Amino acid sequence: MSLSAVLDRIDADLDPALDRLMAFLRIPSISTDPAYDGDTRRAAAWLRDELESLGCSAELRETTGHPMVVAHTGGEGRPVLFYGHYDVQPVDPIELWHRGPFDPAIEDQDGARVIRGRGAADDKGQLMTFVEACRAWKAVHGSLPGNVTFLFEGEEESGSPSLVPFLEANREELSKDVALICDTGLFARDKPGIVTQLRGLLGEEVVVKAASKDLHSGSFGGVATNPIKALTKILAQLHDDTGRVTIPGFYDGVPDLPEDLRTQWEGLGFDASAFLSGVGLTTPAGETDRTALEQIWSRPTAEINGIRGGYAGQGFKTVLPAEAAAKISFRLVGQQDPHAIRESFRKMVHAMLPADCKVEFHDHGASPASVMNTSDPAFEAARTALSQEWPNEAAYIGAGGSIPIAGYFQEILGMDSMLIGFGRDDDQIHSPNEKYDVASFHRGARSWARILDAISNGQSSSHTQT
């Protein structure tokens, strides 16, 4: 039977699929709050039962926290792992919700049908697009698609404390050719993308100390070292006049943007002015020889996230503080080594420290970037399949933030990930009145059916939408 029959089944089954999603959304699986532990487990059991009803071998796997849901289709073909998470963010502030967070409904928003409720976009609605694609596939073919393993986590919104030990303990079972992750969004409305590079993250806190106590600025001003002055001078020299980071060796391992990616990104029509105007800004402030999209996706950064020292309360206090501190984050790309950068940064600070100052450092994590190997034919097959479903051609895109799960899959399971999501910028994830467009849910399921067909055929699908 053809792919078109599966797509037709998804179309015909949209209302029952939405009903199933509503039932899932009614379960308040807030993983961060122990008061909801029972509900979080109930959400895991709901997923297990759904997968069992499709013919998967599915079970709950216990962890030190919330259980994992693991299931297998047991079919032939290229082995893939699909990952999602069934836990959701807390709902506070509850008074800003227009309806109960766990009383989901289909609403009209600016002429579009949306699914309103906590978890609608992050990540229950996204997760269920894949499940519904598999359901339609079985209805048409009589069996589930290919060799698929499902891994659904219940602690993503609380830092995934059980995930790494679970992956390590089940490495052989979970290691597949490629992972599929549906926890991202469209590049723009009706413009799909496959995230193929994620920036790493390095966090540093710097504390500069001088005198043994706060000093009166009238008695000691000018003659005593001021830690705020020392620290801000160091921070001001983290970048040169072109926006480049000055830490020695910082750009080691930073690749040039490949021309094929540059062409795809130029075709996305990203409007830097509109992007900045949305937050009251007008002018890109980073590397002067790079586009705004390059800066967000493929270039490393050094940003000062917070600074403290002296008196900053109401009124005025003429004091020279005994210490000053700053928190700095580095977004990393390519093969940058976070540990080498940390060491080089600390040496730079020590070299710039004036007399009578000493420094302490406190690290706040270090993870490298994740860059996927898009030479795997599955990537181009998936990109072609997405392009056939959506009005605009899909592109390989980057993500400015960091998504640890993709790095864990590379480091522990030895496989790359395709991050394909259908959320929109206005979905208000983690905020009151979260929503997910019905069109995203519907096209998402159709997209996964196309991708499964393309991967199982070993090439992009030749079927087209009618």
# chains A, B, ... in the order shown; residues from 1 in each chain; ligands from 1
$ residues_around --residues "A:Lys176" --least-positions-apart "6" --cutoff "8 Å" --atoms "only C-alpha atoms" --output "compact mmCIF listing (two decimals) with N, CA and C atoms, in the first residue's frame"
# COMPACT_ATOMS: atom_id res chain seq x y z
N PRO A 79 17.17 0.57 12.06
CA PRO A 79 16.75 0.85 13.44
C PRO A 79 16.87 2.32 13.78
N VAL A 80 15.78 2.89 14.30
CA VAL A 80 15.76 4.29 14.73
C VAL A 80 15.19 4.36 16.14
N LEU A 81 15.57 5.41 16.85
CA LEU A 81 15.06 5.67 18.20
C LEU A 81 14.26 6.97 18.16
N LEU A 413 25.27 6.81 23.32
CA LEU A 413 24.71 5.81 22.41
C LEU A 413 25.39 5.80 21.05
N MET A 415 25.13 7.85 18.40
CA MET A 415 24.29 8.10 17.22
C MET A 415 23.93 9.57 17.14
$ residues_around --residues "stretch 112-116 of chain A" --least-positions-apart "2" --cutoff "12 Å" --atoms "only C-alpha atoms" --output "JSON, numbers by chain"
{"A": [18, 19, 21, 22, 25, 26, 97, 98, 99, 100, 101, 102, 103, 104, 105, 106, 107, 108, 109, 110, 118, 119, 120, 121, 122, 124, 125, 126, 423, 424, 426, 427, 428, 429, 431, 432, 433, 434, 435, 436, 437, 438, 439, 440, 441, 442]}
$ closest_atom_pairs --of "stretch 355-460 of chain A" --to "stretch 231-235 of chain A" --cutoff "12 Å" --atoms "only C-alpha atoms" --output "CSV"
residue,atom,partner,partner_atom,distance
A:Cys357,CA,A:Leu231,CA,9.8
A:Lys358,CA,A:Leu231,CA,10.8
A:Val359,CA,A:Leu231,CA,9.7
A:Glu360,CA,A:Leu231,CA,11.9
$ write_last_selection --atoms "C-alpha atoms" --output "tab-separated table (two decimals), in the first residue's frame"
chain	number	residue	atom	x	y	z
A	357	CYS	CA	43.47	41.55	44.04
A	358	LYS	CA	42.93	37.84	44.16
A	359	VAL	CA	40.35	35.82	42.28
A	360	GLU	CA	38.12	32.80	42.81
$ residues_around --residues "stretch 49-58 of chain A" --least-positions-apart "5" --cutoff "6 Å" --atoms "only C-alpha atoms" --output "JSON, numbers by chain"
{"A": [70, 71, 72, 73]}
$ residues_around --residues "stretch 88-90 of chain A" --least-positions-apart "3" --cutoff "8 Å" --atoms "only C-alpha atoms" --output "PyMOL selection string"
chain A and resi 28-33+118-119+122-123+157+430
$ write_last_selection --atoms "C-alpha atoms" --output "mmCIF file, in the first residue's frame"
data_model
loop_
_atom_site.group_PDB
_atom_site.id
_atom_site.type_symbol
_atom_site.label_atom_id
_atom_site.label_comp_id
_atom_site.auth_asym_id
_atom_site.auth_seq_id
_atom_site.Cartn_x
_atom_site.Cartn_y
_atom_site.Cartn_z
ATOM 1 C CA PRO A 28 -1.035 16.871 35.345
ATOM 2 C CA SER A 29 2.410 15.279 34.961
ATOM 3 C CA ILE A 30 4.465 18.038 36.621
ATOM 4 C CA SER A 31 7.767 16.300 37.288
ATOM 5 C CA THR A 32 9.304 19.040 39.429
ATOM 6 C CA ASP A 33 6.622 18.864 42.144
ATOM 7 C CA ARG A 118 -0.193 22.723 29.608
ATOM 8 C CA GLY A 119 1.978 20.358 27.595
ATOM 9 C CA ASP A 122 6.006 20.928 25.122
ATOM 10 C CA ASP A 123 6.021 18.028 24.604
ATOM 11 C CA GLU A 157 11.497 19.524 32.709
ATOM 12 C CA HIS A 430 6.636 27.162 29.916
#
$ residues_around --residues "A:Val6" --least-positions-apart "5" --cutoff "9 Å" --atoms "only C-alpha atoms" --output "list of chain:residue names"
A:Met1, A:Asp11, A:Ala133, A:Ala136, A:Trp137, A:Lys138, A:Ala139, A:Val140, A:His141, A:Arg446, A:Ala449, A:Arg450
